[in-house]
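A.B. asks: I have a structure here, written as structure tokens, and I will follow up with some questions on it.
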Amino acid sequence: MKRFCYILAAVVFVLVALLSQTAWVKYEKVVSEIPMRDSVKLYTTIYKPRWGSNHPILIQRTPYSSAPYGEEMTNALVTSYRLRNFVRHGYIIVYQDVRGRFMSEGEYENIRPASAAVNEATDAYDTVEWLVNNVEGNNGKVGFWGCSYPGFYAMYAGVNAHPAVKAIAPQAPVTDWFMGDDIHHNGVMMISDAFNLMPMLSHTNHQPTTEWEPTRKHEMTSDRFHFFIRATRDSLRSVMHPSSFWDAMSAHPDYDEWWQERDVRRYLYNIKPAVLVVGGTFDAEDCYGAWNTFKAIRSQSPQTDCRLVMGPWAHGAWNGREAHKLGDFDFGKKASGRYYHNNFEFPFFEYHLRDKGSLESLPQVSMFLSGSNDWYTTEDWQLTDTEEVSYYLDGEELTVVEPAAEMCRSYTSDPNNPVPYDSVTDYRRREYMLADQSFTDGRADVLSYTTEPLASDITFVGEVIASLDVAISTTDADFVVRVIDVFPEDDAQKPNYQMLVRAEPMRARYRNSFSNPVPMVPNEKATIRYALPDIAHTFKAGHRIKVAVQSSWFPLAEFSPQQYVDLWSCGSDDFVSADIDVYNSSTITFKAVK
């Protein structure tokens, strides 16, 4: 038996090698420095079929390197599951370093706004113009794709798009770094991710290079919880490699015009190419961007063929085979990368770039329902086939019955003892998005509200609205609402498991306006109303819906000083405890499928 396994492994190795060699023999690599309208040249790698003609062009623009550089072919042509069908059908695959990154000339700017004379939309346009006129054998049809930051660049290729651009697939696209996505959520800095990402993307005085540049002066300790416990925005500056964007953010603490012109949605009007927006409901980085890019296009450019696919995926997981597994959950083969690629991504590009097949089986909205583990599809992007269901936070109950008399529950939020966001805090694991939440049970600074066991299944899709009536003893505080699926005690696989479905922070100073914050009046009742990112989940019969309210989610999100102070200059001594009252007139509202 062991001998057979060795022989089988050897055969597989030889087959993979032959396939690799075949793909590389069939494709050639061409490197070009494509001139932009301001004469800056962008380093572009073109993988072109050696056979035939009439090939569509598929482009990814990236700040994360288009390596390998030189004559070496990318292994992705033979190892990438998502590229397999595109290579087999003769797509021209193009990677480009965006301006100011790696081998491209120019100066890099984070989330460069489209209002600039030369921007990511014009660079995409100029790139396409050069490719369709200089790459032999192309069919004059171009698509863009990319996940995360490359998703941002893919979306911009649809803004004032070149006529040859027929289809774009922005996947988990960076969209608005103040309201959602990597850096902030509702003005609350997502400190762990921001500290990791910003130094890597903030270099100036760029010289073309094939190497990653140093990212920060000092590495954080392995214990992130205690590394950030006394950190402030100002103190973190000193341990970074000089970060121009970190400095720019300090000059714009609120949602002013500087932030607003860096919101991609501002430019999503009259989009000509077809759009496939892709995201994951358990994406820790850019869940916000996928939902809200889709909504903006459907609202602002209603004539655009725009479709949404949201699976139960971590960030970018749909690009691999094992997308259907995350943490303690296996969502089944319909959530796999194979299913996604064969049923959504590849048919979309085939139809628009090669005039092959149809999109009859690709609905306007496709959401994978965790809980029931199947796809929910609709042609109604506004989800008018749902009805609002509001639950009151009354005592320890989550109930649809309006309370008969006003009461409140209270807790103290202590900066020396913040509520952790996960049972593991020494590194930011992607599984926290659906991890068991029982680790906060018994904490005095977490208020929990739970329904009775459900008599029947209930499915929620779309936006979740938290409306908290609160009073605090200080002038500012954060609020975090977690929505949790509590499994029954007799569940065969996960007894008493508390699955996180969605959580989101909100800063009280922004309760009336993100552009014009105001302090809270100590001990005066106020309403904190905000939207959590959309969900797609079925709470099964026998399960309970649980909502937790707290004022920290650490160190995923920064801890608020809990005073109305300048967040960019305050010191660790400015952090104070706050007494929080949460009234039973508070509600959380879902959209239930009828």
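Naming works like this for the structure tokens: A, B, ... for the chains as they're shown, residue 1 at the start of each chain, ligands 1 onward in shown order.
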Range 396-421 of chain A near range 435-457 of chain A within 6 Å: what's each residue's closest atom pair and its distance in Å to one decimal, counting only C-alpha atoms, ordered by chain then ascending residue number, as JSON lines?

C.D. replies:
```
{"residue": "A:Glu396", "atom": "CA", "partner": "A:Tyr449", "partner_atom": "CA", "distance": 4.5}
{"residue": "A:Glu397", "atom": "CA", "partner": "A:Tyr449", "partner_atom": "CA", "distance": 4.7}
{"residue": "A:Leu398", "atom": "CA", "partner": "A:Thr450", "partner_atom": "CA", "distance": 4.7}
{"residue": "A:Tyr411", "atom": "CA", "partner": "A:Asp445", "partner_atom": "CA", "distance": 5.0}
{"residue": "A:Thr412", "atom": "CA", "partner": "A:Asp445", "partner_atom": "CA", "distance": 5.8}
```

A.B. asks: List the neighbours of Phe487 in chain A out to 7 Å using only C-alpha atoms; skip same-chain residues closer than 2 positions along the sequence, and give me the result as a list in words.

C.D. replies: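 Contacts, in chain order: Asp485, Glu489, Asp491, Lys494, Pro495, Asn496, Tyr497, Gln498, His543 and Arg544 of chain A.
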
A.B. asks: Rank A:Leu393, A:Met200, A:Met36, A:Leu276 by their smallest atom-to-atom distance to Pro242 in chain A, using only C-alpha atoms, and report the top residue only.

C.D. replies: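 For Pro242 in chain A, the nearest of the candidates is A:Met200.
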
A.B. asks: Give me, as a list in words, all polymer residues having an atom no more than 12 Å from Glu463 in chain A, counting only C-alpha atoms and skipping those fewer than 2 positions away in the same chain.

C.D. replies: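 After dropping sequence-adjacent residues, the list is Thr281, Tyr288, Trp291, Asn292, Lys295, Gln382, Leu383, Thr386, Glu387, Glu388, Val389, Phe460, Val461, Ile465, Ala466, Arg502, Tyr530, Ala531, Leu532, Pro533, Asp534, Ile535, Ala536, His537, Ile588, Thr589, Phe590, Lys591 and Ala592 of chain A.
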
A.B. asks: Using N, CA, C and O atoms, can you write the selected residues to a file as an mmCIF file, in the first residue's frame?

C.D. replies:
```
data_model
loop_
_atom_site.group_PDB
_atom_site.id
_atom_site.type_symbol
_atom_site.label_atom_id
_atom_site.label_comp_id
_atom_site.auth_asym_id
_atom_site.auth_seq_id
_atom_site.Cartn_x
_atom_site.Cartn_y
_atom_site.Cartn_z
ATOM 1 N N THR A 281 -19.500 37.591 3.563
ATOM 2 C CA THR A 281 -20.220 38.047 4.753
ATOM 3 C C THR A 281 -19.363 37.950 6.005
ATOM 4 O O THR A 281 -19.657 38.604 7.010
ATOM 5 N N TYR A 288 -17.711 45.867 4.239
ATOM 6 C CA TYR A 288 -18.474 47.089 3.980
ATOM 7 C C TYR A 288 -18.435 47.467 2.504
ATOM 8 O O TYR A 288 -19.460 47.819 1.904
ATOM 9 N N TRP A 291 -20.880 45.387 -0.086
ATOM 10 C CA TRP A 291 -22.307 45.724 0.016
ATOM 11 C C TRP A 291 -22.576 47.133 -0.521
ATOM 12 O O TRP A 291 -23.509 47.351 -1.300
ATOM 13 N N ASN A 292 -21.768 48.082 -0.111
ATOM 14 C CA ASN A 292 -22.085 49.479 -0.378
ATOM 15 C C ASN A 292 -21.680 49.940 -1.772
ATOM 16 O O ASN A 292 -22.296 50.852 -2.322
ATOM 17 N N LYS A 295 -24.752 48.758 -3.774
ATOM 18 C CA LYS A 295 -25.913 49.623 -3.553
ATOM 19 C C LYS A 295 -25.751 50.971 -4.253
ATOM 20 O O LYS A 295 -26.724 51.515 -4.816
ATOM 21 N N GLN A 382 -33.303 46.024 -3.825
ATOM 22 C CA GLN A 382 -33.727 46.790 -2.650
ATOM 23 C C GLN A 382 -34.360 45.913 -1.571
ATOM 24 O O GLN A 382 -34.715 46.405 -0.500
ATOM 25 N N LEU A 383 -34.507 44.627 -1.872
ATOM 26 C CA LEU A 383 -35.011 43.642 -0.905
ATOM 27 C C LEU A 383 -36.388 44.036 -0.366
ATOM 28 O O LEU A 383 -36.665 43.943 0.836
ATOM 29 N N THR A 386 -38.795 41.715 1.740
ATOM 30 C CA THR A 386 -38.550 41.462 3.157
ATOM 31 C C THR A 386 -39.434 42.380 3.997
ATOM 32 O O THR A 386 -40.032 43.335 3.490
ATOM 33 N N GLU A 387 -39.518 42.095 5.292
ATOM 34 C CA GLU A 387 -40.246 42.963 6.209
ATOM 35 C C GLU A 387 -39.365 43.239 7.431
ATOM 36 O O GLU A 387 -38.595 42.390 7.863
ATOM 37 N N GLU A 388 -39.482 44.467 7.953
ATOM 38 C CA GLU A 388 -38.675 44.827 9.103
ATOM 39 C C GLU A 388 -39.201 44.165 10.366
ATOM 40 O O GLU A 388 -40.408 44.123 10.606
ATOM 41 N N VAL A 389 -38.268 43.655 11.166
ATOM 42 C CA VAL A 389 -38.592 43.073 12.462
ATOM 43 C C VAL A 389 -37.691 43.749 13.489
ATOM 44 O O VAL A 389 -36.466 43.679 13.386
ATOM 45 N N PHE A 460 -32.709 36.451 7.941
ATOM 46 C CA PHE A 460 -32.476 37.890 7.835
ATOM 47 C C PHE A 460 -31.470 38.145 6.714
ATOM 48 O O PHE A 460 -30.420 37.502 6.641
ATOM 49 N N VAL A 461 -31.801 39.094 5.845
ATOM 50 C CA VAL A 461 -30.875 39.521 4.804
ATOM 51 C C VAL A 461 -30.835 41.042 4.796
ATOM 52 O O VAL A 461 -31.801 41.711 5.166
ATOM 53 N N ILE A 465 -30.037 47.578 11.711
ATOM 54 C CA ILE A 465 -30.003 48.912 12.317
ATOM 55 C C ILE A 465 -30.060 48.784 13.831
ATOM 56 O O ILE A 465 -31.006 48.213 14.381
ATOM 57 N N ALA A 466 -29.049 49.323 14.498
ATOM 58 C CA ALA A 466 -29.056 49.399 15.959
ATOM 59 C C ALA A 466 -29.453 50.812 16.367
ATOM 60 O O ALA A 466 -28.924 51.794 15.841
ATOM 61 N N ARG A 502 -22.679 39.106 13.224
ATOM 62 C CA ARG A 502 -22.231 40.444 12.831
ATOM 63 C C ARG A 502 -21.946 41.260 14.088
ATOM 64 O O ARG A 502 -22.618 41.097 15.111
ATOM 65 N N TYR A 530 -27.216 53.557 14.253
ATOM 66 C CA TYR A 530 -26.264 53.313 13.163
ATOM 67 C C TYR A 530 -26.537 51.957 12.516
ATOM 68 O O TYR A 530 -27.242 51.109 13.065
ATOM 69 N N ALA A 531 -25.963 51.808 11.303
ATOM 70 C CA ALA A 531 -26.149 50.582 10.529
ATOM 71 C C ALA A 531 -24.963 49.657 10.715
ATOM 72 O O ALA A 531 -23.806 50.093 10.649
ATOM 73 N N LEU A 532 -25.244 48.384 10.935
ATOM 74 C CA LEU A 532 -24.230 47.349 10.867
ATOM 75 C C LEU A 532 -24.158 46.864 9.418
ATOM 76 O O LEU A 532 -25.152 46.957 8.687
ATOM 77 N N PRO A 533 -23.008 46.373 8.973
ATOM 78 C CA PRO A 533 -22.966 45.803 7.618
ATOM 79 C C PRO A 533 -24.026 44.724 7.448
ATOM 80 O O PRO A 533 -24.400 44.031 8.404
ATOM 81 N N ASP A 534 -24.509 44.575 6.220
ATOM 82 C CA ASP A 534 -25.582 43.644 5.907
ATOM 83 C C ASP A 534 -25.228 42.217 6.333
ATOM 84 O O ASP A 534 -24.054 41.857 6.442
ATOM 85 N N ILE A 535 -26.246 41.440 6.540
ATOM 86 C CA ILE A 535 -26.059 40.033 6.886
ATOM 87 C C ILE A 535 -26.876 39.161 5.939
ATOM 88 O O ILE A 535 -27.755 39.642 5.205
ATOM 89 N N ALA A 536 -26.605 37.877 5.951
ATOM 90 C CA ALA A 536 -27.384 36.875 5.220
ATOM 91 C C ALA A 536 -27.304 35.606 6.054
ATOM 92 O O ALA A 536 -26.357 34.825 5.923
ATOM 93 N N HIS A 537 -28.281 35.404 6.905
ATOM 94 C CA HIS A 537 -28.191 34.327 7.885
ATOM 95 C C HIS A 537 -29.577 33.816 8.254
ATOM 96 O O HIS A 537 -30.519 34.601 8.403
ATOM 97 N N ILE A 588 -33.022 46.766 17.941
ATOM 98 C CA ILE A 588 -32.227 46.319 16.796
ATOM 99 C C ILE A 588 -33.201 45.795 15.759
ATOM 100 O O ILE A 588 -34.128 45.035 16.084
ATOM 101 N N THR A 589 -33.019 46.237 14.516
ATOM 102 C CA THR A 589 -33.999 45.969 13.462
ATOM 103 C C THR A 589 -33.354 45.198 12.325
ATOM 104 O O THR A 589 -32.291 45.578 11.823
ATOM 105 N N PHE A 590 -34.006 44.110 11.916
ATOM 106 C CA PHE A 590 -33.548 43.254 10.827
ATOM 107 C C PHE A 590 -34.549 43.295 9.678
ATOM 108 O O PHE A 590 -35.706 43.707 9.843
ATOM 109 N N LYS A 591 -34.095 42.805 8.514
ATOM 110 C CA LYS A 591 -34.990 42.565 7.384
ATOM 111 C C LYS A 591 -35.193 41.060 7.269
ATOM 112 O O LYS A 591 -34.263 40.317 6.947
ATOM 113 N N ALA A 592 -36.422 40.633 7.531
ATOM 114 C CA ALA A 592 -36.739 39.209 7.504
ATOM 115 C C ALA A 592 -37.364 38.840 6.163
ATOM 116 O O ALA A 592 -38.247 39.553 5.658
#
```

A.B. asks: Residues at most 12 Å from range 561-571 of chain A, counting only C-alpha atoms, excluding those fewer than 3 positions away in the same chain, as a ChimeraX atom specification?

C.D. replies: /A:187-189,229-237,246-254,412-416,418,472-479,507-510,517-522,551-552,558,574-580

A.B. asks: Just the residues within 10 Å of Tyr43 in chain A, please, counting only C-alpha atoms, with nothing from its chain fewer than 2 positions along; format it as number ranges by chain.

C.D. replies: A: 31-35, 40-41, 45, 65-66, 69, 95-99, 101-105, 208

A.B. asks: Do you have the CA of Thr210 in chain A-CA of Pro68 in chain A distance handy?

C.D. replies: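 Here the two named atoms are 8.7 Å from each other.
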
A.B. asks: Neighbours of Tyr153 in chain A within 12 Å (only C-alpha atoms; same-chain residues fewer than 2 positions away dropped), as a PyMOL selection string?

C.D. replies: chain A and resi 59-64+95-99+110-114+119-125+144-151+155-159+168-175+264

A.B. asks: As a list in words, please: the residues near range 344-359 of chain A (cut-off 8 Å, only C-alpha atoms, same-chain neighbours under 3 positions excluded).

C.D. replies: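 Within the cut-off, the hits are Pro56, Asn85, Phe86, Lys141, Val142, Gly143, Lys166, Ala167, Ala274, Leu276, Val309, Tyr339, Tyr340, His341, Leu362 and Pro363 of chain A.
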
A.B. asks: Counting only C-alpha atoms, which residue out of A:Trp381, A:Phe225, A:Tyr91, A:Trp258 sits closest to Ser299 in chain A?

C.D. replies: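 Checking each candidate against Ser299 in chain A, we get A:Trp381 as the closest.
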
A.B. asks: One decimal, Å: what's the distance from CA of Gly542 in chain A over to CA of Met499 in chain A, could you say?

C.D. replies: 14.3 Å

A.B. asks: Kindly indicate which residue among A:Ile191, A:Tyr391, A:Thr377, A:Thr527 lies nearest to Val593 in chain A, using only C-alpha atoms for the distances.

C.D. replies: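 Among the listed residues, the smallest separation from Val593 in chain A belongs to A:Thr377.
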
A.B. asks: Measuring between only C-alpha atoms, which one of A:Phe539, A:Ile484, A:Lys29, A:Phe152 shows the shortest distance to Ala290 in chain A?

C.D. replies: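 Looking at the shortest contact to Ala290 in chain A, the residue is A:Phe152.
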
A.B. asks: DSSP on the backbone: which residues in range 33-274 of chain A end up as strand (DSSP E)? Give the answer as an MDAnalysis selection string.

C.D. replies: chainID A and resid 33:35 41:49 55:62 92:97 138:147 165:171 184:185 188:189 274

A.B. asks: Ranking A:His184, A:Lys48, A:Lys594, A:Arg321 by minimum distance to Thr384 in chain A and counting only C-alpha atoms, which one comes first?

C.D. replies: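 Of A:His184, A:Lys48, A:Lys594, A:Arg321, the one nearest Thr384 in chain A is A:Lys594, counting only C-alpha atoms.
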
A.B. asks: Restricting the calculation to only C-alpha atoms: of A:Arg37, A:Arg511, A:His89, A:Arg430, which residue gets closest to Gly316 in chain A?

C.D. replies: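 The shortest atom-to-atom distance to Gly316 in chain A comes from A:Arg430.
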